[in-house]
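Input: a single structure, listed below in structure tokens.
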Amino acid sequence: MAFSPRVFSGIQPSGDLHLGNYLGAIRRFVPLQDTHETIYCVVDMHAITVWQEPNDLRRATREVAAAFIAAGVDPKRSIVFNQSQVMQHAELAWVFNCIARIGWMNRMTQFKDKAGKNSENVSLGLLAYPSLMAADILLYKATAVPVGDDQKQHLELTRDIAAKFNNDYAASIVEQGLDPDFFPITEPLIAGPATRIMSLRDGTKKMSKSDPSDQSRISLLDDADAISKKIKKATTDPAELPLDVEDLKGRPEADNLVGIYAALSDKTKAEVLVEFGGQGWGKFKPALADLAVAQLAPMSGEMRRLIEDTTTIDGILRDGGERAAAIAEKTMHDVRRIVGFIR
């Protein structure tokens with residue numbers, strides 16, 4: 001079956017969006033609107049796998065939606081909504097819970113990282129998180145998902161669940177007069193020079209909101225002065241920038257800052273080094289700071305405006321939810337028939 005090109009992607013509203021979220025995902029959402037049908041979701045159901053204060057969750061949900069819009073996602077061209085408005089996400093996730101194997105979930109690296117030695121006391125939702133993620137994607141029969149390096153394993157699981165559903169219910173799918181390839185085997189979209197942004201304090205650690213140092217990350221709500229100061233104070237090594245990309249290996253802070261410049265300027269790392277190779281940080285850091293301020297400060301201002309305008313944001317999410325639900329219900333109508341549920 002030839003599925004129409006459709007992209008789905010979601011971001012958790014866990015507070016304090018940062019440069020890694022922007023370069024790894026949100027910035028890439030905008031050009032996809034020209035080539036695919038695009039569905040962008042604030043995955044608030046995923047967020048509650050760990051405790052969230054309800055008012056903080058509402059604020060963070062609006063913040064993610066504001067980031068989508070401020071970055072250039074058009075809510076008329078794309079569907080923008082929060083996950084909990086479409087009940088079919090949870091419904092399909094339960095079906096997939098009964099398709100997926102516990103061994104698959106136990107192998108998920110992110111579960112091991114988040115649960116640590118406390119795996120007996122974390123929520124069942126945290127273990128089953130990838131099954132809900134598969135439902136998010138396959139509910140819309142998305143053919144592609146823009147993912148960072150850390151999400152590749154979850155997308156591989158989504159592909160496994162789709163293949164197992166198609167195989168387990170092959171006879172029923174045919175009986176219902178549906179195409180044997182009921183769910184697509186979704187492809188990852190991993191592109192760009194900075195799919196994984198690292199801490200400004202330690203180039204071996206991923207940029208994260210959980211880092212105790214605010215200087216380790218650039219928040220999407222930082223103003224121009226904060227952005228500039230954080231970049232100029234970023235940890236570096238004493239050597240000059242190399243002339244060749246291969247020479248960035250073993251220099252994590254240098255590699256990270258060059259990657260950030262490349263991503264913000266839509267260049268390759270090699271092109272950045274043609275311009276700055278052989279120069280010291282006294283030249284490169286101010287240039288990177290100016291570029292980051294030019295790119296991020298206007299978006300930050302628009303985000304703040306939108307977050308304060310809750311009526312507009314909530315209206316966008318409600319409209320998107322209605323449009324998403326119309327697609328989702330078509331899929332679930334068929335899934336119920338395939339599985340054998342009487343309606």
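Just remember, in the structure tokens the first chain shown is A, the second B, etc., residues are 1-based per chain, and ligands are 1-based in the order shown.
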
Might you pull out every residue within 12 Å of A:Leu248, with only C-alpha atoms counted and same-chain residues fewer than 3 positions away left off, and present them as a list in words?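 Contacts, in chain order: Gly203, Asp237, Ala239, Glu240, Leu241, Pro242, Leu243, Asp244, Val245, Arg251, Pro252, Glu253, Ala254, Asp255, Asn256, Leu257, Val258, Gly259, Lys269, Ala270, Leu273 and Gly277 of chain A.
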
Using N, CA, C and O atoms, can you write the selected residues to a file as an mmCIF file, in the first residue's frame?
```cif
data_model
loop_
_atom_site.group_PDB
_atom_site.id
_atom_site.type_symbol
_atom_site.label_atom_id
_atom_site.label_comp_id
_atom_site.auth_asym_id
_atom_site.auth_seq_id
_atom_site.Cartn_x
_atom_site.Cartn_y
_atom_site.Cartn_z
ATOM 1 N N GLY A 203 30.745 19.083 27.311
ATOM 2 C CA GLY A 203 30.419 18.596 25.977
ATOM 3 C C GLY A 203 30.166 17.103 25.887
ATOM 4 O O GLY A 203 29.816 16.599 24.815
ATOM 5 N N ASP A 237 38.098 24.238 25.024
ATOM 6 C CA ASP A 237 39.481 23.814 25.285
ATOM 7 C C ASP A 237 40.416 24.920 24.804
ATOM 8 O O ASP A 237 39.983 25.869 24.151
ATOM 9 N N ALA A 239 42.813 24.939 22.532
ATOM 10 C CA ALA A 239 43.295 24.902 21.147
ATOM 11 C C ALA A 239 42.425 25.749 20.225
ATOM 12 O O ALA A 239 41.245 25.995 20.496
ATOM 13 N N GLU A 240 43.013 26.173 19.112
ATOM 14 C CA GLU A 240 42.249 26.894 18.087
ATOM 15 C C GLU A 240 41.274 25.937 17.409
ATOM 16 O O GLU A 240 41.390 24.714 17.513
ATOM 17 N N LEU A 241 40.307 26.501 16.690
ATOM 18 C CA LEU A 241 39.388 25.663 15.918
ATOM 19 C C LEU A 241 40.172 24.965 14.798
ATOM 20 O O LEU A 241 41.028 25.589 14.154
ATOM 21 N N PRO A 242 39.920 23.688 14.563
ATOM 22 C CA PRO A 242 40.666 22.967 13.528
ATOM 23 C C PRO A 242 40.226 23.363 12.124
ATOM 24 O O PRO A 242 39.195 24.026 11.937
ATOM 25 N N LEU A 243 41.007 22.934 11.147
ATOM 26 C CA LEU A 243 40.663 23.185 9.747
ATOM 27 C C LEU A 243 39.815 22.064 9.169
ATOM 28 O O LEU A 243 39.159 22.248 8.142
ATOM 29 N N ASP A 244 39.825 20.912 9.819
ATOM 30 C CA ASP A 244 39.153 19.721 9.295
ATOM 31 C C ASP A 244 38.186 19.163 10.335
ATOM 32 O O ASP A 244 38.489 19.134 11.530
ATOM 33 N N VAL A 245 37.009 18.696 9.865
ATOM 34 C CA VAL A 245 35.983 18.154 10.767
ATOM 35 C C VAL A 245 36.517 16.972 11.564
ATOM 36 O O VAL A 245 36.182 16.804 12.748
ATOM 37 N N ARG A 251 37.297 16.380 20.920
ATOM 38 C CA ARG A 251 37.146 17.747 21.426
ATOM 39 C C ARG A 251 35.635 18.034 21.547
ATOM 40 O O ARG A 251 35.057 18.758 20.732
ATOM 41 N N PRO A 252 34.962 17.455 22.545
ATOM 42 C CA PRO A 252 33.495 17.499 22.590
ATOM 43 C C PRO A 252 32.907 18.904 22.664
ATOM 44 O O PRO A 252 31.892 19.181 22.026
ATOM 45 N N GLU A 253 33.547 19.798 23.422
ATOM 46 C CA GLU A 253 33.004 21.162 23.525
ATOM 47 C C GLU A 253 33.139 21.903 22.199
ATOM 48 O O GLU A 253 32.205 22.592 21.756
ATOM 49 N N ALA A 254 34.277 21.750 21.547
ATOM 50 C CA ALA A 254 34.474 22.393 20.243
ATOM 51 C C ALA A 254 33.497 21.828 19.217
ATOM 52 O O ALA A 254 32.868 22.578 18.448
ATOM 53 N N ASP A 255 33.340 20.526 19.205
ATOM 54 C CA ASP A 255 32.425 19.873 18.273
ATOM 55 C C ASP A 255 30.994 20.361 18.492
ATOM 56 O O ASP A 255 30.250 20.628 17.530
ATOM 57 N N ASN A 256 30.609 20.509 19.750
ATOM 58 C CA ASN A 256 29.250 20.949 20.074
ATOM 59 C C ASN A 256 28.989 22.372 19.591
ATOM 60 O O ASN A 256 27.976 22.653 18.948
ATOM 61 N N LEU A 257 29.919 23.285 19.873
ATOM 62 C CA LEU A 257 29.710 24.683 19.491
ATOM 63 C C LEU A 257 29.739 24.862 17.967
ATOM 64 O O LEU A 257 28.963 25.645 17.414
ATOM 65 N N VAL A 258 30.617 24.133 17.294
ATOM 66 C CA VAL A 258 30.641 24.185 15.825
ATOM 67 C C VAL A 258 29.331 23.620 15.273
ATOM 68 O O VAL A 258 28.753 24.167 14.321
ATOM 69 N N GLY A 259 28.831 22.544 15.881
ATOM 70 C CA GLY A 259 27.567 21.959 15.440
ATOM 71 C C GLY A 259 26.402 22.906 15.633
ATOM 72 O O GLY A 259 25.509 23.000 14.772
ATOM 73 N N LYS A 269 29.292 21.402 9.221
ATOM 74 C CA LYS A 269 30.425 21.710 10.099
ATOM 75 C C LYS A 269 31.660 22.064 9.269
ATOM 76 O O LYS A 269 32.434 22.953 9.637
ATOM 77 N N ALA A 270 31.818 21.390 8.140
ATOM 78 C CA ALA A 270 32.969 21.661 7.270
ATOM 79 C C ALA A 270 32.942 23.103 6.775
ATOM 80 O O ALA A 270 33.986 23.786 6.727
ATOM 81 N N LEU A 273 34.032 25.446 9.472
ATOM 82 C CA LEU A 273 35.479 25.427 9.695
ATOM 83 C C LEU A 273 36.249 26.110 8.570
ATOM 84 O O LEU A 273 37.349 26.616 8.788
ATOM 85 N N GLY A 277 38.143 28.011 10.874
ATOM 86 C CA GLY A 277 39.264 27.137 11.195
ATOM 87 C C GLY A 277 40.567 27.903 11.352
ATOM 88 O O GLY A 277 40.859 28.830 10.580
#
```

Identify all residues of stretch 191-265 of chain A in alpha helix (DSSP H) (DSSP on the backbone) and supply them as a list in words.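 Matching residues for alpha helix (DSSP H) in stretch 191-265 of chain A are Ala224, Asp225, Ala226, Ile227, Ser228, Lys229, Lys230, Ile231, Lys232, Pro252, Glu253, Ala254, Asp255, Asn256, Leu257, Val258, Gly259, Ile260, Tyr261, Ala262, Ala263, Leu264 and Ser265 of chain A.
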
Hey, what's within 7 Å of stretch 322-331 of chain A if we count only C-alpha atoms and toss same-chain stuff fewer than 6 positions away? As a JSON list (two decimals) with N, CA and C atoms, in the first residue's frame, please?
```json
[["chain", "number", "residue", "atom", "x", "y", "z"],
["A", 79, "ILE", "N", -1.44, 20.38, 11.73],
["A", 79, "ILE", "CA", -2.31, 20.13, 12.88],
["A", 79, "ILE", "C", -1.45, 20.26, 14.13],
["A", 86, "VAL", "N", -7.30, 13.92, 22.34],
["A", 86, "VAL", "CA", -7.69, 12.87, 21.39],
["A", 86, "VAL", "C", -7.62, 11.52, 22.11],
["A", 88, "GLN", "N", -8.30, 8.62, 21.39],
["A", 88, "GLN", "CA", -7.87, 7.43, 20.64],
["A", 88, "GLN", "C", -6.40, 7.10, 20.86],
["A", 139, "LEU", "N", -1.42, 5.91, 14.91],
["A", 139, "LEU", "CA", -2.81, 6.36, 14.87],
["A", 139, "LEU", "C", -3.07, 7.21, 13.63],
["A", 140, "TYR", "N", -2.04, 7.93, 13.19],
["A", 140, "TYR", "CA", -2.15, 8.80, 12.01],
["A", 140, "TYR", "C", -1.49, 8.19, 10.78]]
```

Using DSSP on the backbone coordinates, identify all residues within stretch 75-201 of chain A classified as strand (DSSP E); present the result as a ChimeraX atom specification. /A:79-82,144-146,187-189

What is the atom CA of A:Ala70-atom CA of A:Met207 distance in Å, reported with one decimal?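 Here the two named atoms are 21.3 Å from each other.
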
To one decimal place in Å, what is the distance between atom CA of A:Pro286 and atom CA of A:Asn21?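 About the pair atom CA of A:Pro286 and atom CA of A:Asn21: they are 22.7 Å apart.
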
Which residue, A:Gln83, A:Asp202, A:Ile99, A:His46, has the smallest gap to A:Tyr129 when you use only C-alpha atoms?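 Among the listed residues, the smallest separation from A:Tyr129 belongs to A:His46.
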
Applying 9 Å and only C-alpha atoms, which residues near A:Val43 remain after dropping the ones on its own chain fewer than 3 positions away? List them as a ChimeraX atom specification. /A:10-13,46-47,61,81-84,136

Write a file of the selected residues as a short mmCIF file (atom, residue, chain, number, x, y, z; two decimals), in the first residue's frame, keeping C-alpha atoms.
```cif
data_model
loop_
_atom_site.label_atom_id
_atom_site.label_comp_id
_atom_site.auth_asym_id
_atom_site.auth_seq_id
_atom_site.Cartn_x
_atom_site.Cartn_y
_atom_site.Cartn_z
CA GLY A 10 5.55 15.18 19.56
CA ILE A 11 7.34 17.02 22.34
CA GLN A 12 6.78 16.51 26.05
CA PRO A 13 5.60 19.52 28.05
CA HIS A 46 3.61 11.13 28.19
CA ALA A 47 4.55 13.87 30.65
CA THR A 61 1.72 22.53 27.43
CA PHE A 81 -2.78 19.86 19.35
CA ASN A 82 -2.20 18.35 22.77
CA GLN A 83 -2.40 14.58 23.00
CA SER A 84 -4.96 14.33 25.79
CA ASP A 136 0.85 8.40 18.69
#
```

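Shortest separation to A:Arg58 among A:Asp319, A:Leu32, A:Gly15, A:Ile342 occurs at residue A:Gly15, atoms counted being only C-alpha atoms.
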
Between atom CA of A:Ser199 and atom CA of A:Gln33, what is the distance, to one decimal in Å? 29.8 Å

If we count only C-alpha atoms, what is near A:Val147 at a cut-off of 8 Å, once residues fewer than 5 positions away on the same chain are taken out, given as a PDB file with N, CA and C atoms, in the first residue's frame?
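Wrote it out as selection31.pdb, contents follow:
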```
ATOM      1  N   SER A   9       5.127  14.258  14.890  1.00  0.00           N
ATOM      2  CA  SER A   9       6.153  14.408  15.911  1.00  0.00           C
ATOM      3  C   SER A   9       5.530  15.021  17.151  1.00  0.00           C
ATOM      4  N   GLY A  24      17.063  20.101  17.576  1.00  0.00           N
ATOM      5  CA  GLY A  24      16.838  18.683  17.357  1.00  0.00           C
ATOM      6  C   GLY A  24      15.476  18.352  16.794  1.00  0.00           C
ATOM      7  N   ALA A  25      14.494  19.248  16.993  1.00  0.00           N
ATOM      8  CA  ALA A  25      13.140  18.929  16.569  1.00  0.00           C
ATOM      9  C   ALA A  25      12.407  20.136  15.979  1.00  0.00           C
ATOM     10  N   LYS A 152      15.806   7.045  18.409  1.00  0.00           N
ATOM     11  CA  LYS A 152      15.837   6.038  17.345  1.00  0.00           C
ATOM     12  C   LYS A 152      15.340   4.682  17.834  1.00  0.00           C
ATOM     13  N   PRO A 188      12.514   6.919  10.046  1.00  0.00           N
ATOM     14  CA  PRO A 188      13.028   8.058  10.813  1.00  0.00           C
ATOM     15  C   PRO A 188      13.561   9.145   9.887  1.00  0.00           C
ATOM     16  N   LEU A 189      13.413  10.373  10.303  1.00  0.00           N
ATOM     17  CA  LEU A 189      14.046  11.503   9.616  1.00  0.00           C
ATOM     18  C   LEU A 189      15.110  12.048  10.560  1.00  0.00           C
ATOM     19  N   ILE A 190      16.353  11.661  10.341  1.00  0.00           N
ATOM     20  CA  ILE A 190      17.470  12.127  11.172  1.00  0.00           C
ATOM     21  C   ILE A 190      18.389  12.913  10.256  1.00  0.00           C
TER      22      ILE A 190
END
```

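Distances from A:Ile137, A:Ala65, A:Val272, A:Leu157 to A:Thr109 were compared using only C-alpha atoms, and the smallest one belongs to A:Leu157.
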
With distances taken over only C-alpha atoms, which of A:Leu57, A:Met332, A:Ala66, A:Leu155 is nearest to A:Ile316?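 Closest residue, counting only C-alpha atoms: A:Ala66.
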
Contacts of A:Thr158 at 10 Å or less, counting only C-alpha atoms, minus same-chain residues fewer than 3 places along, as a PyMOL selection string? chain A and resi 96+100+130-138+152-155+161-164+184-187

If you count only C-alpha atoms, the residue of A:Lys283, A:Arg6, A:Arg62, A:Arg304 closest to A:Ala142 turns out to be A:Arg6

Excluding A:Ala292 and residues on its chain fewer than 4 positions from it, collect all residues at most 12 Å away from it, counting only C-alpha atoms, and give them as a PyMOL selection string. chain A and resi 19+22-23+218-220+222-232+257+260-265+285-288+296-300

Convert the current residue selection to file output with N, CA, C and O atoms, as a CSV table (one decimal), in the first residue's frame.
```
chain,number,residue,atom,x,y,z
A,19,LEU,N,17.7,24.9,23.7
A,19,LEU,CA,18.2,24.9,22.3
A,19,LEU,C,18.2,23.5,21.7
A,19,LEU,O,18.0,23.4,20.5
A,22,TYR,N,14.9,22.8,20.2
A,22,TYR,CA,14.7,23.6,19.0
A,22,TYR,C,15.5,23.0,17.8
A,22,TYR,O,14.9,22.8,16.8
A,23,LEU,N,16.8,22.8,18.0
A,23,LEU,CA,17.6,22.4,16.9
A,23,LEU,C,17.3,20.9,16.5
A,23,LEU,O,17.4,20.5,15.4
A,218,ILE,N,20.7,26.9,26.9
A,218,ILE,CA,20.0,28.1,26.4
A,218,ILE,C,18.5,27.8,26.4
A,218,ILE,O,18.1,26.9,25.6
A,219,SER,N,17.8,28.4,27.2
A,219,SER,CA,16.3,28.3,27.2
A,219,SER,C,15.7,29.0,26.1
A,219,SER,O,16.2,30.1,25.7
A,220,LEU,N,14.7,28.5,25.5
A,220,LEU,CA,14.0,29.2,24.4
A,220,LEU,C,13.3,30.5,24.9
A,220,LEU,O,12.8,31.3,24.1
A,222,ASP,N,15.0,32.5,27.0
A,222,ASP,CA,16.1,33.5,27.4
A,222,ASP,C,16.0,34.7,26.5
A,222,ASP,O,15.8,34.6,25.3
A,223,ASP,N,16.3,35.8,27.1
A,223,ASP,CA,16.4,37.1,26.2
A,223,ASP,C,17.8,37.2,25.6
A,223,ASP,O,18.7,36.3,25.8
A,224,ALA,N,18.0,38.2,24.7
A,224,ALA,CA,19.2,38.3,24.0
A,224,ALA,C,20.4,38.4,24.8
A,224,ALA,O,21.5,37.8,24.5
A,225,ASP,N,20.3,39.1,26.0
A,225,ASP,CA,21.5,39.3,26.8
A,225,ASP,C,21.9,37.9,27.5
A,225,ASP,O,23.1,37.6,27.5
A,226,ALA,N,20.9,37.1,27.9
A,226,ALA,CA,21.2,35.8,28.5
A,226,ALA,C,21.8,34.9,27.5
A,226,ALA,O,22.7,34.1,27.8
A,227,ILE,N,21.3,34.9,26.3
A,227,ILE,CA,21.8,34.0,25.2
A,227,ILE,C,23.2,34.3,25.0
A,227,ILE,O,24.1,33.4,24.9
A,228,SER,N,23.6,35.6,24.8
A,228,SER,CA,24.9,36.0,24.5
A,228,SER,C,25.9,35.6,25.6
A,228,SER,O,27.0,35.1,25.4
A,229,LYS,N,25.5,35.9,26.8
A,229,LYS,CA,26.4,35.6,28.0
A,229,LYS,C,26.7,34.1,28.1
A,229,LYS,O,27.8,33.7,28.4
A,230,LYS,N,25.6,33.3,28.0
A,230,LYS,CA,25.8,31.9,28.1
A,230,LYS,C,26.8,31.3,27.1
A,230,LYS,O,27.6,30.4,27.4
A,231,ILE,N,26.7,31.8,25.9
A,231,ILE,CA,27.6,31.3,24.8
A,231,ILE,C,29.0,31.7,25.0
A,231,ILE,O,30.0,31.0,24.9
A,232,LYS,N,29.2,33.0,25.4
A,232,LYS,CA,30.5,33.5,25.7
A,232,LYS,C,31.2,32.9,26.9
A,232,LYS,O,32.4,32.8,26.9
A,257,LEU,N,29.9,23.3,19.9
A,257,LEU,CA,29.7,24.7,19.5
A,257,LEU,C,29.7,24.9,18.0
A,257,LEU,O,29.0,25.6,17.4
A,260,ILE,N,26.4,23.6,16.7
A,260,ILE,CA,25.3,24.6,17.0
A,260,ILE,C,25.4,25.7,15.9
A,260,ILE,O,24.3,26.1,15.4
A,261,TYR,N,26.6,26.2,15.7
A,261,TYR,CA,26.7,27.3,14.6
A,261,TYR,C,26.2,26.7,13.3
A,261,TYR,O,25.5,27.4,12.6
A,262,ALA,N,26.6,25.5,12.9
A,262,ALA,CA,26.2,24.9,11.7
A,262,ALA,C,24.7,24.8,11.6
A,262,ALA,O,24.1,25.2,10.5
A,263,ALA,N,24.1,24.3,12.6
A,263,ALA,CA,22.6,24.1,12.6
A,263,ALA,C,21.9,25.5,12.5
A,263,ALA,O,20.9,25.6,11.7
A,264,LEU,N,22.3,26.5,13.2
A,264,LEU,CA,21.7,27.8,13.2
A,264,LEU,C,21.9,28.5,11.9
A,264,LEU,O,21.0,29.3,11.5
A,265,SER,N,23.0,28.2,11.2
A,265,SER,CA,23.2,28.9,9.9
A,265,SER,C,22.9,28.1,8.7
A,265,SER,O,23.2,28.5,7.6
A,285,LYS,N,33.4,32.6,19.4
A,285,LYS,CA,32.3,32.7,20.4
A,285,LYS,C,31.4,34.0,20.1
A,285,LYS,O,30.2,33.9,20.1
A,286,PRO,N,32.0,35.2,19.9
A,286,PRO,CA,31.1,36.3,19.7
A,286,PRO,C,30.3,36.2,18.4
A,286,PRO,O,29.1,36.6,18.3
A,287,ALA,N,30.9,35.5,17.4
A,287,ALA,CA,30.1,35.3,16.1
A,287,ALA,C,29.0,34.3,16.4
A,287,ALA,O,27.9,34.5,15.9
A,288,LEU,N,29.2,33.3,17.2
A,288,LEU,CA,28.2,32.3,17.5
A,288,LEU,C,27.1,33.0,18.3
A,288,LEU,O,25.9,32.8,18.1
A,296,LEU,N,17.3,33.3,17.8
A,296,LEU,CA,16.5,32.9,18.9
A,296,LEU,C,15.7,34.0,19.6
A,296,LEU,O,14.6,33.8,20.1
A,297,ALA,N,16.3,35.2,19.7
A,297,ALA,CA,15.7,36.2,20.5
A,297,ALA,C,14.3,36.6,20.0
A,297,ALA,O,13.4,36.8,20.8
A,298,PRO,N,14.1,36.8,18.6
A,298,PRO,CA,12.8,37.1,18.1
A,298,PRO,C,11.8,36.0,18.5
A,298,PRO,O,10.6,36.3,18.8
A,299,MET,N,12.2,34.7,18.4
A,299,MET,CA,11.3,33.6,18.7
A,299,MET,C,11.0,33.6,20.2
A,299,MET,O,9.8,33.4,20.6
A,300,SER,N,11.9,33.9,21.0
A,300,SER,CA,11.7,34.0,22.5
A,300,SER,C,10.6,35.1,22.8
A,300,SER,O,9.7,34.8,23.6
```

Which of these, A:Ser14, A:Thr310, A:Ser172, A:Gln295, has the shortest distance to A:Gln52 once you count only C-alpha atoms?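 Among the listed residues, A:Ser14 lies closest to A:Gln52.
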